[in-house]
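Here is upload_24.cif, consisting of mmCIF, C-alpha atoms:
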```cif
data_my_file
loop_
_atom_site.label_atom_id
_atom_site.label_comp_id
_atom_site.auth_asym_id
_atom_site.auth_seq_id
_atom_site.Cartn_x
_atom_site.Cartn_y
_atom_site.Cartn_z
CA ALA A 23 -32.13 59.77 -9.15
CA SER A 24 -29.79 61.34 -11.71
CA GLY A 25 -26.80 59.77 -9.97
CA LEU A 26 -28.37 56.31 -10.08
CA LEU A 27 -29.29 56.73 -13.75
CA ALA A 28 -25.73 57.75 -14.61
CA ARG A 29 -24.42 54.68 -12.79
CA TRP A 30 -26.90 52.27 -14.41
CA ALA A 31 -26.78 53.80 -17.90
CA PRO A 32 -23.83 51.69 -19.24
CA ALA A 33 -25.52 48.45 -18.16
CA LEU A 34 -28.91 49.50 -19.51
CA LEU A 35 -27.75 51.02 -22.81
CA GLY A 36 -24.88 48.60 -23.55
CA PRO A 37 -21.48 49.46 -25.03
CA THR A 38 -20.99 52.88 -26.59
CA PRO A 39 -20.20 53.22 -30.32
CA LYS A 40 -16.58 53.92 -29.35
CA ASP A 41 -16.42 50.71 -27.30
CA ARG A 42 -17.96 48.67 -30.11
CA LEU A 43 -15.50 50.13 -32.60
CA ALA A 44 -12.58 49.26 -30.32
CA VAL A 45 -13.80 45.66 -30.02
CA ALA A 46 -14.25 45.39 -33.79
CA GLU A 47 -10.74 46.73 -34.40
CA ALA A 48 -9.28 44.27 -31.91
CA ARG A 49 -11.09 41.38 -33.59
CA ALA A 50 -9.91 42.52 -37.03
CA ALA A 51 -6.32 42.73 -35.81
CA ASP A 52 -6.56 39.26 -34.27
CA LEU A 53 -8.04 37.86 -37.49
CA ALA A 54 -5.24 39.44 -39.54
CA VAL A 55 -2.62 37.77 -37.35
CA ARG A 56 -4.38 34.41 -37.59
CA ASN A 57 -4.62 34.68 -41.37
CA ARG A 58 -0.94 35.55 -41.62
CA LEU A 59 0.05 32.58 -39.47
CA ALA A 60 -2.26 30.31 -41.47
CA ARG A 61 -0.49 31.37 -44.66
CA GLU A 62 2.90 30.70 -43.09
CA LEU A 63 1.83 27.23 -41.94
CA HIS A 64 0.27 26.40 -45.30
CA ASP A 65 3.28 27.52 -47.32
CA THR A 66 5.89 26.00 -45.01
CA VAL A 67 4.31 22.65 -44.18
CA GLY A 68 2.50 22.26 -47.50
CA HIS A 69 5.65 22.72 -49.54
CA ALA A 70 7.62 20.38 -47.27
CA LEU A 71 5.04 17.61 -47.52
CA SER A 72 4.82 17.89 -51.30
CA ALA A 73 8.59 17.96 -51.74
CA VAL A 74 9.36 15.15 -49.29
CA THR A 75 6.67 12.90 -50.78
CA LEU A 76 8.09 13.23 -54.27
CA GLN A 77 11.71 13.06 -53.12
CA ALA A 78 11.03 9.79 -51.29
CA SER A 79 9.17 8.40 -54.29
CA ALA A 80 11.98 9.36 -56.66
CA ALA A 81 14.59 7.80 -54.36
CA ARG A 82 12.59 4.57 -54.15
CA ARG A 83 12.25 4.25 -57.92
CA VAL A 84 15.98 4.67 -58.64
CA LEU A 85 17.41 3.14 -55.48
CA ASN A 86 19.08 0.29 -57.40
CA SER A 87 19.66 1.92 -60.79
CA ASP A 88 20.94 5.34 -59.65
CA PRO A 89 22.11 5.20 -56.02
CA ASP A 90 23.81 8.61 -56.30
CA PHE A 91 20.50 10.30 -57.11
CA ALA A 92 18.79 8.32 -54.35
CA ARG A 93 21.36 9.57 -51.83
CA GLU A 94 20.88 13.13 -53.07
CA ALA A 95 17.11 12.82 -52.67
CA LEU A 96 17.48 11.43 -49.14
CA ALA A 97 19.83 14.29 -48.23
CA ALA A 98 17.27 16.76 -49.59
CA ILE A 99 14.56 15.12 -47.45
CA GLU A 100 16.75 15.52 -44.37
CA ASP A 101 17.45 19.17 -45.21
CA THR A 102 13.79 19.92 -46.00
CA THR A 103 12.46 18.40 -42.78
CA ARG A 104 15.11 20.08 -40.63
CA ARG A 105 14.34 23.53 -42.05
CA THR A 106 10.60 22.96 -41.83
CA VAL A 107 10.77 21.99 -38.16
CA GLY A 108 12.69 25.20 -37.47
CA GLU A 109 10.17 27.36 -39.32
CA LEU A 110 7.28 25.53 -37.67
CA ASP A 111 8.77 26.21 -34.23
CA ALA A 112 8.96 29.90 -35.10
CA VAL A 113 5.30 30.06 -36.13
CA LEU A 114 4.16 28.11 -33.08
CA GLY A 115 6.19 30.46 -30.91
CA VAL A 116 4.12 33.36 -32.25
CA LEU A 117 0.92 31.40 -31.64
CA ARG A 118 1.98 30.86 -28.03
CA GLU A 119 2.63 34.60 -27.79
CA ALA A 120 6.22 34.00 -26.79
CA GLY A 121 7.67 37.28 -25.65
CA ASP A 122 11.24 36.40 -26.56
CA ALA A 123 11.67 35.64 -30.26
CA SER A 124 15.47 35.53 -30.10
CA GLY A 125 15.59 31.75 -30.32
CA THR A 126 13.26 31.41 -33.29
CA THR A 127 14.42 30.64 -36.81
CA PRO A 128 14.70 33.76 -39.02
CA ALA A 129 12.20 33.93 -41.85
CA PRO A 130 13.71 32.73 -45.14
CA THR A 131 14.61 35.30 -47.81
CA LEU A 132 15.57 35.27 -51.47
CA ALA A 133 19.17 36.24 -50.73
CA ASP A 134 19.80 33.58 -48.09
CA ASP A 135 17.50 30.71 -49.02
CA LEU A 136 16.50 30.75 -52.70
CA ASP A 137 19.43 28.58 -53.82
CA GLY A 138 18.58 25.94 -51.22
CA LEU A 139 14.91 25.99 -52.19
CA LEU A 140 15.78 25.41 -55.84
CA ARG A 141 18.21 22.63 -54.94
CA ARG A 142 15.67 20.80 -52.79
CA THR A 143 12.97 21.18 -55.42
CA ARG A 144 15.21 19.76 -58.12
CA ALA A 145 16.01 16.83 -55.87
CA ALA A 146 12.29 15.99 -55.98
CA GLY A 147 12.63 15.37 -59.72
CA LEU A 148 11.34 18.73 -60.96
CA THR A 149 13.35 20.50 -63.65
CA VAL A 150 13.63 24.15 -62.61
CA ASP A 151 14.99 26.64 -65.14
CA ALA A 152 15.63 29.74 -63.03
CA SER A 153 16.51 33.12 -64.50
CA LEU A 154 17.46 35.86 -62.03
CA GLY A 155 17.39 39.30 -63.56
CA ILE A 156 17.99 40.94 -60.18
CA ASP A 157 20.45 40.44 -57.35
CA PRO A 158 18.41 38.91 -54.50
CA ALA A 159 20.57 40.80 -51.99
CA ARG A 160 19.21 44.11 -53.36
CA VAL A 161 15.60 43.24 -52.67
CA PRO A 162 14.25 44.95 -49.49
CA PRO A 163 13.95 42.52 -46.55
CA LEU A 164 10.14 42.55 -46.32
CA VAL A 165 9.71 42.08 -50.07
CA SER A 166 12.42 39.42 -50.05
CA ARG A 167 10.64 37.39 -47.36
CA GLU A 168 7.26 37.55 -49.09
CA ALA A 169 8.81 36.84 -52.50
CA TYR A 170 10.50 33.73 -51.13
CA ARG A 171 7.16 32.40 -49.89
CA ILE A 172 5.56 33.17 -53.25
CA VAL A 173 8.29 31.32 -55.15
CA GLN A 174 8.02 28.44 -52.67
CA GLU A 175 4.29 28.16 -53.24
CA ALA A 176 4.69 28.42 -57.01
CA LEU A 177 7.08 25.48 -56.99
CA SER A 178 4.79 23.58 -54.63
CA ASN A 179 1.89 23.98 -57.04
CA VAL A 180 3.91 22.38 -59.82
CA LEU A 181 4.96 19.54 -57.52
CA ARG A 182 1.39 18.92 -56.36
CA HIS A 183 0.09 18.63 -59.89
CA ALA A 184 2.79 16.18 -60.99
CA GLY A 185 4.55 18.69 -63.20
CA THR A 186 7.97 17.91 -64.63
CA ARG A 187 9.27 21.36 -65.48
CA VAL A 188 8.89 24.99 -64.44
CA ASP A 189 10.46 28.17 -65.80
CA LEU A 190 11.05 30.67 -63.00
CA ARG A 191 11.97 34.28 -63.72
CA LEU A 192 12.73 37.10 -61.28
CA ALA A 193 13.19 40.55 -62.79
CA HIS A 194 13.44 44.18 -61.73
CA GLU A 195 10.96 46.25 -63.71
CA GLU A 196 9.78 49.79 -62.95
CA ASP A 197 10.73 49.78 -59.26
CA ALA A 198 9.03 46.44 -58.74
CA LEU A 199 10.05 42.82 -58.43
CA ARG A 200 8.31 40.68 -61.01
CA ILE A 201 8.02 36.95 -60.43
CA THR A 202 6.88 34.70 -63.26
CA ALA A 203 6.49 30.94 -63.08
CA GLU A 204 5.38 28.91 -66.08
CA ASN A 205 4.85 25.19 -66.44
CA PRO A 206 3.26 23.02 -69.13
CA LEU A 207 -0.21 21.72 -68.41
CA GLN A 208 -0.20 17.95 -68.53
CA GLN A 209 -1.80 14.90 -67.02
CA PRO A 210 0.20 12.98 -64.42
CA ALA A 211 2.10 10.10 -65.95
CA GLN A 212 0.92 6.56 -65.24
CA GLY A 213 2.39 5.47 -61.91
CA ALA A 214 3.75 8.92 -61.10
CA ALA A 215 3.95 9.92 -57.47
CA GLN A 216 1.03 11.93 -56.18
CA SER A 217 1.44 14.63 -53.59
CA ARG A 218 -0.84 15.17 -50.63
CA PRO A 219 -4.57 15.63 -51.26
CA GLY A 220 -6.42 18.78 -50.35
CA GLY A 221 -4.94 22.23 -50.48
CA GLY A 222 -6.46 24.87 -52.75
CA HIS A 223 -5.39 27.86 -50.67
CA GLY A 224 -1.97 28.46 -52.23
CA LEU A 225 -2.99 30.87 -55.00
CA ARG A 226 -5.18 32.80 -52.55
CA GLY A 227 -2.23 33.09 -50.19
CA ILE A 228 -0.01 34.37 -53.01
CA ALA A 229 -2.61 37.00 -53.91
CA ASP A 230 -2.91 38.03 -50.24
CA ARG A 231 0.85 38.43 -49.88
CA ALA A 232 1.07 40.53 -53.05
CA ARG A 233 -1.89 42.71 -52.08
CA LEU A 234 -0.50 43.45 -48.62
CA LEU A 235 2.63 44.87 -50.28
CA GLY A 236 0.60 46.93 -52.73
CA GLY A 237 1.26 44.54 -55.60
CA SER A 238 -0.76 42.13 -57.70
CA ALA A 239 -0.90 38.48 -58.68
CA ALA A 240 -2.58 36.63 -61.54
CA ALA A 241 -2.63 32.94 -62.41
CA GLY A 242 -4.13 30.93 -65.24
CA ARG A 243 -3.56 29.60 -68.72
CA ALA A 244 -1.24 31.76 -70.80
CA GLU A 245 -3.18 33.62 -73.50
CA GLU A 246 -0.59 32.99 -76.20
CA ASP A 247 -0.17 29.31 -75.31
CA ASP A 248 -3.15 27.43 -73.91
CA GLY A 249 -0.90 24.56 -72.89
CA VAL A 250 1.05 26.66 -70.37
CA TRP A 251 0.04 27.65 -66.85
CA ARG A 252 1.44 31.02 -65.76
CA LEU A 253 1.74 32.74 -62.41
CA ALA A 254 2.65 36.42 -62.65
CA VAL A 255 3.31 38.49 -59.52
CA ARG A 256 4.33 42.12 -59.14
CA LEU A 257 5.73 43.38 -55.82
CA PRO A 258 6.62 47.08 -55.44
CA MET A 259 10.06 47.61 -53.95
CA ARG A 260 9.44 51.16 -52.78
CA SER A 261 6.96 52.17 -50.12
CA ARG A 262 4.21 54.51 -51.27
#
```
Take the structure I supplied and represent it as structure tokens, if you would.
Amino acid sequence: ASGLLARWAPALLGPTPKDRLAVAEARAADLAVRNRLARELHDTVGHALSAVTLQASAARRVLNSDPDFAREALAAIEDTTRRTVGELDAVLGVLREAGDASGTTPAPTLADDLDGLLRRTRAAGLTVDASLGIDPARVPPLVSREAYRIVQEALSNVLRHAGTRVDLRLAHEEDALRITAENPLQQPAQGAAQSRPGGGHGLRGIADRARLLGGSAAAGRAEEDDGVWRLAVRLPMRSR
């Protein structure tokens, strides 16, 4: 009888607390991976759609009056879509649980890709005043990758809301990388191009990225100037 009870006990009593904890941890790990991939897709594809929409609109408006700018905008569209396809392939490769990641596109960083990001954003008609108080090559790789995505999303937010100018500052303060993006709050001009509808997850993604690195992020109207929207992010550059 005792042997039968020992054999039937797992089926009768259900999973042990240890088994339930293991299942919960596995689910949490899977959810973390899915959330990370969702952020990557949102930031990559969302920025590309916003930028390409405005670049195409700008090229159309000045096609006859400023063909040089139109050609520059079309070249930026080509560059943006090519890079986005590469990054999308990399994310989808992770989703397919590809064992060999050697053929995927490396994640963009401040040192390698910030200049191109600024160039493509300016080609969409946005005036970007960038001030770099730190050498991007000195930023640790993990921080550099997350900082690039944060800057990308900050620029995307301005593009989505029909902004015309953004002041971007990167600085090294107290063993941390500080990212500040400011743009004037304004209504879209009559006839201005509108970016894709929807969204709303960009600021949450920025906060998630900062928190995972032990940093912080805040966004809202600047206290000293109610007509300015400010995004302020702090990313520690040393592990705790």
Within 12 Å of range 95-101 of chain A, counting only C-alpha atoms, which residues qualify if same-chain residues fewer than 3 places away don't, as a ChimeraX atom specification? /A:69-85,88-92,104-108,138-148
Once the PyMOL selection byres ((chain A and resi 173) around 10) is applied to the coordinates I shared, what remains selected? I want it as a ChimeraX atom specification. /A:132,136,139-140,168-172,174-179,190-192,201-203,228,253,255
Give as a VMD selection string each residue that has an atom at most 10 Å from (11.5, 40.6, -48.2) in the file, counting all atoms listed in the file. chain A and resid 129 to 133 158 to 171 257 259
Between CA of Glu196 in chain A and CA of Asp65 in chain A lies a distance of 28.0 Å
Taken to one decimal, the CA of Arg231 in chain A-CA of Gly249 in chain A distance is 26.9 Å
Give me the residues within 7 Å of Pro258 in chain A as a short mmCIF file (atom, residue, chain, number, x, y, z; two decimals) with C-alpha atoms, keeping the file's coordinate frame, counting only C-alpha atoms and dropping any in the same chain fewer than 2 places off.
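The result, written out as result.cif:
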```cif
data_model
loop_
_atom_site.label_atom_id
_atom_site.label_comp_id
_atom_site.auth_asym_id
_atom_site.auth_seq_id
_atom_site.Cartn_x
_atom_site.Cartn_y
_atom_site.Cartn_z
CA ASP A 197 10.73 49.78 -59.26
CA ALA A 198 9.03 46.44 -58.74
CA LEU A 199 10.05 42.82 -58.43
CA LEU A 235 2.63 44.87 -50.28
CA GLY A 236 0.60 46.93 -52.73
CA GLY A 237 1.26 44.54 -55.60
CA ARG A 256 4.33 42.12 -59.14
CA ARG A 260 9.44 51.16 -52.78
#
```
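Comparing the minimum interatomic distances between Glu195 in chain A and each of A:Val150, A:Ala31, A:Ile156, A:Leu26, counting only C-alpha atoms, we find that A:Ile156 sits nearest.
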Of the candidates A:Ala60, A:Leu225, A:Ala44, A:Leu27, which shows the shortest atom-to-atom distance to Val180 in chain A, using all atoms listed in the file? A:Leu225
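CA of Ala48 in chain A to CA of Pro128 in chain A spans 27.1 Å [interatomic distance, one decimal].
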Using all atoms listed in the file, which of the listed residues (A:Glu109, A:Glu204, A:Asp230, A:Asp134) sits closest to Asp151 in chain A?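 Between A:Glu109, A:Glu204, A:Asp230, A:Asp134, the residue approaching Asp151 in chain A most closely is A:Glu204.
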Given the file shown, enumerate the residues that the PyMOL selection byres ((chain A and resi 241) around 7) captures and present them as a list in words.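 When the PyMOL selection byres ((chain A and resi 241) around 7) is applied, the selected residues are Ala239, Ala240, Gly242, Arg252, Leu253 and Ala254 of chain A.
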Compare A:Asn57, A:Arg200, A:Asp135, A:Asp111 by their minimum atom-to-atom distance to Ser153 in chain A, counting all atoms listed in the file, and give me the closest one.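 Ranked by minimum distance to Ser153 in chain A, first place goes to A:Arg200.
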